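Pasted below: entry_13.cif, mmCIF, C-alpha atoms and all ligand atoms.
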```cif
data_data
loop_
_atom_site.label_atom_id
_atom_site.label_comp_id
_atom_site.auth_asym_id
_atom_site.auth_seq_id
_atom_site.Cartn_x
_atom_site.Cartn_y
_atom_site.Cartn_z
CA MET B 14 -1.89 1.15 -55.07
CA ILE B 15 -3.66 4.42 -55.85
CA PRO B 16 -4.02 6.72 -52.80
CA ALA B 17 -7.47 7.58 -51.50
CA ALA B 18 -8.76 10.92 -52.86
CA PHE B 19 -7.63 14.06 -51.06
CA ASP B 20 -7.76 17.82 -51.55
CA TYR B 21 -4.48 19.52 -52.41
CA VAL B 22 -3.28 23.03 -51.60
CA ARG B 23 0.05 24.67 -52.36
CA PRO B 24 0.52 27.74 -50.13
CA ALA B 25 3.21 30.37 -50.76
CA THR B 26 3.89 31.26 -47.13
CA VAL B 27 4.15 29.54 -43.76
CA ASP B 28 1.12 31.47 -42.50
CA GLU B 29 -0.95 30.24 -45.43
CA ALA B 30 0.19 26.67 -44.74
CA VAL B 31 -0.83 26.96 -41.08
CA ALA B 32 -4.22 28.37 -42.15
CA ALA B 33 -4.68 25.50 -44.63
CA LEU B 34 -3.92 22.95 -41.89
CA ALA B 35 -6.42 24.64 -39.58
CA ALA B 36 -9.07 24.59 -42.30
CA GLY B 37 -8.35 20.93 -43.06
CA GLY B 38 -8.76 19.78 -39.46
CA GLU B 39 -7.12 16.70 -37.90
CA ASP B 40 -6.83 14.83 -41.18
CA ALA B 41 -4.77 17.49 -42.96
CA LYS B 42 -1.17 16.51 -43.72
CA VAL B 43 1.95 18.50 -44.62
CA LEU B 44 3.82 17.41 -47.74
CA GLY B 45 7.60 17.94 -47.86
CA GLY B 46 9.50 15.93 -50.48
CA GLY B 47 6.88 13.17 -50.42
CA GLN B 48 9.44 10.37 -50.17
CA SER B 49 7.89 8.95 -47.01
CA LEU B 50 4.38 10.42 -47.18
CA LEU B 51 3.62 9.19 -50.71
CA PRO B 52 4.39 5.54 -49.90
CA VAL B 53 2.14 5.89 -46.83
CA LEU B 54 -0.68 7.20 -49.01
CA ARG B 55 -0.16 4.65 -51.75
CA LEU B 56 -0.19 1.78 -49.24
CA ARG B 57 -3.33 3.39 -47.77
CA LEU B 58 -1.72 3.49 -44.34
CA GLY B 59 -2.91 7.10 -44.30
CA ALA B 60 -5.79 8.90 -45.98
CA PRO B 61 -5.56 12.64 -45.30
CA SER B 62 -8.50 14.86 -46.25
CA VAL B 63 -6.14 17.55 -47.51
CA VAL B 64 -2.43 17.59 -48.39
CA VAL B 65 -0.66 20.91 -47.78
CA ASP B 66 2.32 21.05 -50.13
CA THR B 67 5.13 23.20 -48.66
CA THR B 68 7.53 22.95 -51.59
CA ARG B 69 6.74 26.47 -52.90
CA ILE B 70 7.37 28.25 -49.58
CA ASP B 71 10.55 30.28 -50.10
CA GLU B 72 11.14 30.81 -46.37
CA MET B 73 11.61 27.05 -45.94
CA LYS B 74 14.22 26.68 -48.68
CA GLY B 75 17.26 28.61 -47.46
CA ILE B 76 20.51 27.76 -45.71
CA ASP B 77 21.69 30.80 -43.73
CA ASP B 78 24.65 31.77 -41.59
CA ALA B 79 23.17 33.18 -38.36
CA GLY B 80 26.49 33.96 -36.67
CA ASP B 81 27.04 31.11 -34.25
CA ALA B 82 24.52 28.81 -35.97
CA ILE B 83 23.52 27.57 -39.41
CA VAL B 84 19.78 27.74 -40.01
CA ILE B 85 18.42 25.29 -42.58
CA GLY B 86 14.90 25.61 -43.98
CA ALA B 87 12.77 22.50 -43.46
CA GLY B 88 12.19 22.30 -47.21
CA VAL B 89 15.87 22.08 -48.19
CA THR B 90 16.52 18.81 -50.00
CA HIS B 91 19.05 16.24 -48.82
CA HIS B 92 21.01 16.88 -52.02
CA ALA B 93 21.26 20.61 -51.29
CA VAL B 94 22.19 19.99 -47.63
CA MET B 95 25.06 17.63 -48.40
CA HIS B 96 26.55 19.89 -51.08
CA ASP B 97 26.11 23.25 -49.35
CA ALA B 98 29.37 25.07 -48.56
CA LEU B 99 28.17 26.39 -45.17
CA VAL B 100 27.02 22.93 -44.10
CA ARG B 101 30.26 21.30 -45.21
CA GLU B 102 32.35 23.89 -43.38
CA HIS B 103 30.42 24.12 -40.11
CA LEU B 104 28.33 20.93 -39.95
CA ALA B 105 30.47 18.23 -41.53
CA LEU B 106 28.60 15.54 -39.59
CA LEU B 107 25.27 16.54 -41.13
CA ALA B 108 26.77 16.58 -44.64
CA LYS B 109 28.29 13.13 -44.16
CA ALA B 110 25.19 11.51 -42.67
CA THR B 111 22.95 13.04 -45.32
CA ALA B 112 25.15 11.57 -48.06
CA THR B 113 24.18 8.07 -46.78
CA VAL B 114 20.41 8.67 -47.05
CA ALA B 115 18.76 6.44 -49.67
CA ASP B 116 19.81 7.11 -53.27
CA PRO B 117 20.37 10.22 -55.43
CA GLN B 118 16.77 10.37 -56.71
CA ILE B 119 15.35 10.33 -53.19
CA ARG B 120 17.98 12.82 -51.98
CA HIS B 121 16.92 15.22 -54.74
CA ARG B 122 13.30 15.24 -53.54
CA GLY B 123 13.41 14.33 -49.81
CA THR B 124 13.91 17.21 -47.39
CA LEU B 125 15.74 17.65 -44.11
CA GLY B 126 12.56 18.89 -42.43
CA GLY B 127 10.51 16.00 -43.81
CA ALA B 128 13.03 13.44 -42.55
CA LEU B 129 13.15 15.02 -39.08
CA ALA B 130 9.36 15.45 -38.85
CA HIS B 131 8.85 11.87 -40.04
CA ALA B 132 11.18 10.67 -37.23
CA ASP B 133 11.76 7.16 -38.48
CA PRO B 134 13.96 5.49 -35.83
CA ALA B 135 16.16 4.21 -38.69
CA GLY B 136 16.44 7.67 -40.28
CA ASP B 137 19.98 9.02 -40.40
CA GLN B 138 19.55 12.73 -39.67
CA PRO B 139 17.68 12.57 -36.33
CA ALA B 140 20.80 11.19 -34.59
CA VAL B 141 22.80 14.07 -36.05
CA ALA B 142 20.27 16.65 -34.85
CA ARG B 143 20.39 15.08 -31.39
CA ALA B 144 24.19 14.91 -31.27
CA LEU B 145 24.59 18.49 -32.47
CA ASP B 146 21.87 19.89 -30.20
CA ALA B 147 19.80 21.34 -33.02
CA SER B 148 16.76 23.46 -32.27
CA PHE B 149 13.55 23.40 -34.27
CA THR B 150 11.31 26.33 -35.22
CA ILE B 151 7.69 25.24 -35.46
CA ALA B 152 4.78 27.41 -36.66
CA GLY B 153 1.19 26.84 -35.64
CA PRO B 154 -2.08 28.66 -34.97
CA GLY B 155 -0.60 30.22 -31.80
CA GLY B 156 2.49 31.58 -33.57
CA ARG B 157 6.04 30.21 -33.57
CA ARG B 158 7.93 28.26 -30.94
CA THR B 159 11.38 26.72 -30.66
CA VAL B 160 11.98 23.19 -29.40
CA GLY B 161 15.37 21.64 -28.58
CA ALA B 162 16.40 18.29 -30.04
CA ALA B 163 16.08 16.55 -26.65
CA ASP B 164 12.34 17.37 -26.63
CA PHE B 165 11.62 17.25 -30.36
CA PHE B 166 11.76 13.47 -30.82
CA VAL B 167 8.94 12.02 -28.73
CA ASP B 168 8.44 8.40 -29.84
CA TYR B 169 8.41 6.16 -32.93
CA PHE B 170 7.40 8.43 -35.85
CA THR B 171 6.27 11.08 -33.37
CA THR B 172 7.73 14.52 -32.76
CA ALA B 173 6.78 17.72 -30.98
CA VAL B 174 5.20 18.98 -34.24
CA ALA B 175 1.41 18.86 -33.74
CA PRO B 176 -0.93 17.99 -36.64
CA ASP B 177 -1.84 21.67 -37.07
CA GLU B 178 1.80 22.83 -37.12
CA VAL B 179 4.58 23.16 -39.70
CA LEU B 180 8.28 22.64 -39.06
CA VAL B 181 9.81 25.79 -40.57
CA SER B 182 13.55 25.46 -39.99
CA VAL B 183 16.26 23.73 -38.00
CA SER B 184 19.11 25.64 -36.36
CA PHE B 185 22.42 23.89 -35.73
CA PRO B 186 25.19 25.43 -33.59
CA LYS B 187 28.40 25.63 -35.62
CA TYR B 188 30.98 22.87 -35.17
CA THR B 189 33.66 24.52 -37.28
CA GLY B 190 36.87 22.51 -37.47
CA TRP B 191 35.45 19.48 -35.67
CA GLY B 192 36.23 16.04 -37.17
CA ALA B 193 33.12 14.09 -38.14
CA HIS B 194 32.01 10.66 -39.25
CA TYR B 195 28.71 8.82 -39.70
CA GLU B 196 29.10 5.04 -39.46
CA LYS B 197 26.06 3.29 -40.91
CA PHE B 198 25.55 -0.46 -40.77
CA ASN B 199 23.12 -1.77 -43.37
CA ARG B 200 22.78 -5.01 -45.27
CA THR B 201 22.80 -3.55 -48.76
CA ALA B 202 23.89 -0.26 -50.29
CA GLN B 203 21.22 2.45 -49.92
CA ALA B 204 19.24 0.48 -47.31
CA TRP B 205 18.08 1.97 -44.02
CA ALA B 206 20.45 1.69 -41.05
CA ILE B 207 20.24 -1.38 -38.81
CA VAL B 208 22.28 0.82 -36.47
CA GLY B 209 24.07 4.09 -37.21
CA VAL B 210 26.46 6.22 -35.18
CA ALA B 211 26.98 9.94 -35.71
CA ALA B 212 30.18 11.25 -34.11
CA THR B 213 31.93 14.57 -34.16
CA VAL B 214 34.99 15.54 -32.14
CA ARG B 215 37.04 18.61 -31.33
CA MET B 216 40.72 17.74 -31.22
CA ASP B 217 43.36 19.44 -29.11
CA GLY B 218 46.99 18.43 -29.48
CA GLY B 219 46.25 14.92 -30.75
CA ALA B 220 43.64 14.15 -28.08
CA ILE B 221 39.84 14.36 -28.16
CA ALA B 222 38.90 17.46 -26.21
CA GLU B 223 35.12 17.15 -26.73
CA ALA B 224 32.82 14.70 -28.51
CA ARG B 225 29.19 14.56 -29.57
CA VAL B 226 27.70 11.16 -30.35
CA GLY B 227 24.20 10.25 -31.56
CA LEU B 228 22.80 6.78 -32.22
CA THR B 229 20.37 5.73 -34.97
CA ASN B 230 17.87 2.87 -34.47
CA MET B 231 18.79 2.21 -30.84
CA GLY B 232 15.35 3.14 -29.49
CA PRO B 233 12.10 4.82 -30.48
CA GLY B 234 14.00 8.02 -31.27
CA PRO B 235 17.60 9.10 -31.72
CA VAL B 236 19.77 8.55 -28.63
CA ARG B 237 22.51 10.84 -27.36
CA ALA B 238 25.38 8.64 -26.14
CA SER B 239 26.28 10.88 -23.21
CA ALA B 240 28.27 8.22 -21.31
CA VAL B 241 30.50 7.73 -24.35
CA GLU B 242 30.96 11.49 -24.76
CA ALA B 243 32.11 11.80 -21.14
CA ALA B 244 34.35 8.73 -21.26
CA VAL B 245 36.10 9.63 -24.52
CA ALA B 246 37.22 13.12 -23.46
CA GLY B 247 41.01 13.14 -23.34
CA ALA B 248 41.40 9.96 -25.44
CA SER B 249 44.36 9.92 -27.81
CA SER B 250 44.61 6.23 -28.68
CA ILE B 251 42.36 3.63 -30.32
CA GLU B 252 42.40 1.66 -27.07
CA ALA B 253 41.03 4.61 -25.13
CA ILE B 254 38.36 5.19 -27.78
CA ALA B 255 37.41 1.48 -27.70
CA ALA B 256 37.09 1.60 -23.91
CA ALA B 257 34.80 4.64 -24.11
CA ALA B 258 32.73 3.01 -26.88
CA GLU B 259 31.89 0.13 -24.52
CA HIS B 260 29.35 2.54 -22.95
CA ALA B 261 27.49 3.01 -26.25
CA ALA B 262 24.47 0.81 -25.47
CA GLU B 263 23.89 2.33 -22.03
CA GLY B 264 20.45 3.86 -21.72
CA THR B 265 19.29 2.55 -25.11
CA SER B 266 16.21 0.41 -25.85
CA PRO B 267 16.67 -1.08 -29.32
CA ASN B 268 13.99 -3.16 -31.02
CA SER B 269 14.23 -6.76 -32.10
CA ASP B 270 12.89 -7.09 -35.64
CA ILE B 271 13.48 -9.01 -38.86
CA HIS B 272 16.78 -7.20 -39.37
CA ALA B 273 18.41 -7.74 -35.95
CA GLN B 274 17.86 -8.77 -32.36
CA ALA B 275 18.19 -6.08 -29.69
CA ALA B 276 21.37 -7.67 -28.28
CA TYR B 277 22.97 -7.60 -31.72
CA ARG B 278 22.06 -3.93 -32.08
CA GLU B 279 23.72 -3.24 -28.72
CA HIS B 280 26.86 -5.02 -29.95
CA LEU B 281 26.75 -3.02 -33.17
CA ALA B 282 26.39 0.25 -31.26
CA ARG B 283 29.65 -0.43 -29.39
CA VAL B 284 31.59 -1.47 -32.51
CA LEU B 285 30.25 1.32 -34.72
CA THR B 286 30.82 3.94 -32.03
CA ARG B 287 34.47 2.96 -31.82
CA ARG B 288 34.79 3.18 -35.60
CA ALA B 289 32.87 6.46 -35.88
CA ILE B 290 34.86 8.26 -33.18
CA ALA B 291 38.21 6.88 -34.40
CA SER B 292 37.45 8.03 -37.91
CA ALA B 293 36.21 11.47 -36.78
CA ALA B 294 39.37 11.89 -34.68
CA GLY B 295 41.73 10.52 -37.33
CA ILE B 296 43.06 7.96 -34.82
CA SER B 297 43.63 4.36 -35.93
C1 LIG W 301 13.34 3.75 -50.83
C2 LIG W 301 13.62 4.76 -49.73
C3 LIG W 301 14.79 4.63 -49.02
C4 LIG W 301 15.06 5.53 -48.00
N1 LIG W 301 16.23 5.38 -47.30
C5 LIG W 301 16.50 6.24 -46.30
C6 LIG W 301 17.70 6.10 -45.54
O1 LIG W 301 18.55 5.25 -45.79
N2 LIG W 301 17.91 6.98 -44.52
C7 LIG W 301 17.01 7.96 -44.21
O2 LIG W 301 17.25 8.71 -43.28
N3 LIG W 301 15.89 8.13 -44.93
C8 LIG W 301 15.61 7.30 -45.97
N4 LIG W 301 14.46 7.47 -46.69
C9 LIG W 301 13.51 8.56 -46.32
C10 LIG W 301 13.90 9.87 -46.98
O3 LIG W 301 14.98 10.42 -46.29
C11 LIG W 301 12.74 10.86 -46.93
O4 LIG W 301 13.13 11.93 -47.71
C12 LIG W 301 12.35 11.42 -45.58
O5 LIG W 301 12.07 10.45 -44.62
C13 LIG W 301 11.08 12.25 -45.65
O6 LIG W 301 11.36 13.46 -46.22
P1 LIG W 301 10.34 14.12 -47.22
O7 LIG W 301 10.74 15.53 -47.39
O8 LIG W 301 10.22 13.28 -48.42
O9 LIG W 301 8.98 14.12 -46.35
P2 LIG W 301 7.50 13.69 -46.73
O10 LIG W 301 7.47 12.31 -47.25
O11 LIG W 301 6.86 14.74 -47.55
O12 LIG W 301 6.85 13.75 -45.29
C14 LIG W 301 7.19 12.80 -44.28
C15 LIG W 301 6.38 13.12 -43.02
O13 LIG W 301 6.83 14.35 -42.46
C16 LIG W 301 5.77 15.31 -42.46
N5 LIG W 301 6.36 16.59 -42.88
C17 LIG W 301 7.13 16.81 -43.96
N6 LIG W 301 7.58 18.07 -43.97
C18 LIG W 301 7.07 18.66 -42.87
C19 LIG W 301 7.15 19.98 -42.31
N7 LIG W 301 7.89 20.94 -42.89
N8 LIG W 301 6.47 20.24 -41.16
C20 LIG W 301 5.74 19.28 -40.55
N9 LIG W 301 5.63 18.03 -41.02
C21 LIG W 301 6.29 17.72 -42.16
C22 LIG W 301 4.72 14.79 -43.43
O14 LIG W 301 3.42 15.22 -43.08
C23 LIG W 301 4.88 13.29 -43.28
O15 LIG W 301 4.20 12.84 -42.13
C24 LIG W 301 14.15 6.59 -47.71
C25 LIG W 301 12.98 6.73 -48.46
C26 LIG W 301 12.71 5.83 -49.46
C27 LIG W 301 11.45 6.00 -50.26
#
```
Show this structure as structure tokens.
Amino acid sequence: MIPAAFDYVRPATVDEAVAALAAGGEDAKVLGGGQSLLPVLRLRLGAPSVVVDTTRIDEMKGIDDAGDAIVIGAGVTHHAVMHDALVREHLALLAKATATVADPQIRHRGTLGGALAHADPAGDQPAVARALDASFTIAGPGGRRTVGAADFFVDYFTTAVAPDEVLVSVSFPKYTGWGAHYEKFNRTAQAWAIVGVAATVRMDGGAIAEARVGLTNMGPGPVRASAVEAAVAGASSIEAIAAAAEHAAEGTSPNSDIHAQAAYREHLARVLTRRAIASAAGIS
């Protein structure tokens, strides 16, 4: 279908984008890579008055080493994220999860910021941001603010980014040397996750010293599997990892839909958590 008519602006700076959103009012919409917004417009599920294209804003396109964190511009494409040397060295979990997003064409256009702002419960990167305790820089009419991952994801397709704000960048603490694995369960290659598990571990003498685990599609937003993280500390065998993974569905609220019943998703969360942690730890 052809989208409803809208005005289009392409600002060069974040300030100009914020001003364009303010001028456009409630119905203005930010455009990142367009891989989720364009289908929404074409299906006429949305009809913004003005689309504010952020793809020419240089500030949103960098990946920078900020000492103890890697700061990724919201406009960096999935392709650039998964191939970036800093990301691969310090944020292996993000690189691995991003490599499972959709297909190469979509990864060349879709952006990290767009995926996080879109907050699809089946999206792969929100669970990574939650597991790694990312923080989000958001610009709006009142200036800039920073929001932690625990507060960023509010509900289905809803984040802390207000309609008159722009997500500028995402800062991830470094996890240098940590093992990482993203275990995604989907029916066909390149499909969205029915459930996904993002796990990264710091090893010490053959045992898991620390773990971070995030769950995809186990609730309205990404879930941090804190009970698993606590239970798996000290594990050095697959049996110990399996026992810790039994806690994976605790505190989750998965949907039942055409792809899976909630109980099946809970089962998947336990199985995939065991696999993800074992793989991240190199324990079989
Ligand atoms: C066929 C298909 C398969 C896919 N499969 C997967 C998959 O397996 N896993 C997965 O995780 N994703 C998947 N995706 C989604 C893909 O990752 C998109 O790239 C992503 O969801 C949106 O990123 P985008 O940059 O294209 O954002 P856009 O489509 O441009 O925007 C999405 C939403 O975010 C808002 N937005 C964008 N950027 C900003 C910003 N900087 N500040 C504030 N708001 C912003 C927009 O207003 C819009 O509401 C798939 C998409 C398609 C079309």
Taking only residues of chain B that have an atom at most 6 Å from an atom of ligand LIG 301 (chain W), what is each one's shortest atom pair and its distance in Å to one decimal, using all atoms listed in the file, in chain and number order, as JSON lines?
```
{"residue": "B:Lys42", "atom": "CA", "partner": "W:LIG301", "partner_atom": "O14", "distance": 4.8}
{"residue": "B:Val43", "atom": "CA", "partner": "W:LIG301", "partner_atom": "O14", "distance": 3.9}
{"residue": "B:Leu44", "atom": "CA", "partner": "W:LIG301", "partner_atom": "O11", "distance": 4.1}
{"residue": "B:Gly45", "atom": "CA", "partner": "W:LIG301", "partner_atom": "O11", "distance": 3.3}
{"residue": "B:Gly46", "atom": "CA", "partner": "W:LIG301", "partner_atom": "O7", "distance": 3.4}
{"residue": "B:Gly47", "atom": "CA", "partner": "W:LIG301", "partner_atom": "O11", "distance": 3.3}
{"residue": "B:Gln48", "atom": "CA", "partner": "W:LIG301", "partner_atom": "O8", "distance": 3.5}
{"residue": "B:Ser49", "atom": "CA", "partner": "W:LIG301", "partner_atom": "O10", "distance": 3.4}
{"residue": "B:Leu50", "atom": "CA", "partner": "W:LIG301", "partner_atom": "O10", "distance": 3.6}
{"residue": "B:Ala87", "atom": "CA", "partner": "W:LIG301", "partner_atom": "N7", "distance": 5.2}
{"residue": "B:Val114", "atom": "CA", "partner": "W:LIG301", "partner_atom": "N2", "distance": 3.9}
{"residue": "B:Ala115", "atom": "CA", "partner": "W:LIG301", "partner_atom": "N1", "distance": 3.6}
{"residue": "B:Gly123", "atom": "CA", "partner": "W:LIG301", "partner_atom": "O4", "distance": 3.2}
{"residue": "B:Thr124", "atom": "CA", "partner": "W:LIG301", "partner_atom": "O7", "distance": 3.6}
{"residue": "B:Gly126", "atom": "CA", "partner": "W:LIG301", "partner_atom": "N7", "distance": 5.1}
{"residue": "B:Gly127", "atom": "CA", "partner": "W:LIG301", "partner_atom": "C17", "distance": 3.5}
{"residue": "B:Ala128", "atom": "CA", "partner": "W:LIG301", "partner_atom": "C12", "distance": 3.7}
{"residue": "B:Ala130", "atom": "CA", "partner": "W:LIG301", "partner_atom": "O13", "distance": 4.5}
{"residue": "B:His131", "atom": "CA", "partner": "W:LIG301", "partner_atom": "O13", "distance": 4.0}
{"residue": "B:Gly136", "atom": "CA", "partner": "W:LIG301", "partner_atom": "O2", "distance": 3.3}
{"residue": "B:Asp137", "atom": "CA", "partner": "W:LIG301", "partner_atom": "O2", "distance": 4.0}
{"residue": "B:Gln138", "atom": "CA", "partner": "W:LIG301", "partner_atom": "O2", "distance": 5.9}
{"residue": "B:Val179", "atom": "CA", "partner": "W:LIG301", "partner_atom": "N8", "distance": 3.8}
{"residue": "B:Leu180", "atom": "CA", "partner": "W:LIG301", "partner_atom": "N8", "distance": 3.7}
{"residue": "B:Val181", "atom": "CA", "partner": "W:LIG301", "partner_atom": "N7", "distance": 5.7}
{"residue": "B:Gln203", "atom": "CA", "partner": "W:LIG301", "partner_atom": "O1", "distance": 5.7}
{"residue": "B:Ala204", "atom": "CA", "partner": "W:LIG301", "partner_atom": "O1", "distance": 5.1}
{"residue": "B:Trp205", "atom": "CA", "partner": "W:LIG301", "partner_atom": "O1", "distance": 3.8}
```
Dump C-alpha atoms for the selected residues as a PDB file, keeping the file's coordinate frame?
```pdb
ATOM      1  CA  LYS B  42      -1.170  16.510 -43.720  1.00  0.00           C
ATOM      2  CA  VAL B  43       1.950  18.500 -44.620  1.00  0.00           C
ATOM      3  CA  LEU B  44       3.820  17.410 -47.740  1.00  0.00           C
ATOM      4  CA  GLY B  45       7.600  17.940 -47.860  1.00  0.00           C
ATOM      5  CA  GLY B  46       9.500  15.930 -50.480  1.00  0.00           C
ATOM      6  CA  GLY B  47       6.880  13.170 -50.420  1.00  0.00           C
ATOM      7  CA  GLN B  48       9.440  10.370 -50.170  1.00  0.00           C
ATOM      8  CA  SER B  49       7.890   8.950 -47.010  1.00  0.00           C
ATOM      9  CA  LEU B  50       4.380  10.420 -47.180  1.00  0.00           C
ATOM     10  CA  ALA B  87      12.770  22.500 -43.460  1.00  0.00           C
ATOM     11  CA  VAL B 114      20.410   8.670 -47.050  1.00  0.00           C
ATOM     12  CA  ALA B 115      18.760   6.440 -49.670  1.00  0.00           C
ATOM     13  CA  GLY B 123      13.410  14.330 -49.810  1.00  0.00           C
ATOM     14  CA  THR B 124      13.910  17.210 -47.390  1.00  0.00           C
ATOM     15  CA  GLY B 126      12.560  18.890 -42.430  1.00  0.00           C
ATOM     16  CA  GLY B 127      10.510  16.000 -43.810  1.00  0.00           C
ATOM     17  CA  ALA B 128      13.030  13.440 -42.550  1.00  0.00           C
ATOM     18  CA  ALA B 130       9.360  15.450 -38.850  1.00  0.00           C
ATOM     19  CA  HIS B 131       8.850  11.870 -40.040  1.00  0.00           C
ATOM     20  CA  GLY B 136      16.440   7.670 -40.280  1.00  0.00           C
ATOM     21  CA  ASP B 137      19.980   9.020 -40.400  1.00  0.00           C
ATOM     22  CA  GLN B 138      19.550  12.730 -39.670  1.00  0.00           C
ATOM     23  CA  VAL B 179       4.580  23.160 -39.700  1.00  0.00           C
ATOM     24  CA  LEU B 180       8.280  22.640 -39.060  1.00  0.00           C
ATOM     25  CA  VAL B 181       9.810  25.790 -40.570  1.00  0.00           C
ATOM     26  CA  GLN B 203      21.220   2.450 -49.920  1.00  0.00           C
ATOM     27  CA  ALA B 204      19.240   0.480 -47.310  1.00  0.00           C
ATOM     28  CA  TRP B 205      18.080   1.970 -44.020  1.00  0.00           C
TER      29      TRP B 205
END
```
Give me, as a Markdown table, each residue of region 204-246 of chain B that comes within 8 Å of region 281-284 of chain B, together with its shortest interatomic pair and the distance in Å at one decimal, counting all atoms listed in the file, with rows ordered by chain and rising residue number.
```
| residue | atom | partner | partner_atom | distance |
| --- | --- | --- | --- | --- |
| B:Val208 | CA | B:Ala282 | CA | 6.7 |
| B:Gly209 | CA | B:Ala282 | CA | 7.5 |
| B:Val210 | CA | B:Ala282 | CA | 7.1 |
| B:Leu228 | CA | B:Ala282 | CA | 7.5 |
| B:Met231 | CA | B:Ala282 | CA | 7.9 |
```
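Proximity of B:Val183, B:Leu34, B:Leu56, B:Ala135 to Val94 (chain B), computed with all atoms listed in the file, is greatest for B:Val183.
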Might I get the box with edges along x, y and z of the file that holds all atoms of region 147-151 of chain B listed there, padded by 4 Å on every side, given as centre and edge lengths in Å to one decimal, as JSON?
```
{"center_x": 13.7, "center_y": 23.8, "center_z": -33.9, "size_x": 20.1, "size_y": 13.0, "size_z": 11.2}
```
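Taking CA of Ala36 (chain B) and CA of Tyr21 (chain B) as endpoints, the distance between them is 12.2 Å.
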Selection near Tyr169 (chain B), 7 Å with all atoms listed in the file, sequence-local residues under 6 positions removed, as a ChimeraX atom specification: /B:132-134,233-234
Please list as a PyMOL selection string every residue within 7 Å of Gly227 (chain B), counting all atoms listed in the file and excluding residues in the same chain fewer than 5 positions away. chain B and resi 140-141+143-144+210-212+235-238
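Closest to Ser292 (chain B) among B:Ile70, B:Val214, B:Ala30, B:Ala256 is B:Val214, based on only C-alpha atoms.
The space separating CA of Ala224 (chain B) from CA of Ile290 (chain B) comes to 8.2 Å.
We find CA of Pro267 (chain B) and CA of Phe198 (chain B) to be spaced 14.5 Å apart.
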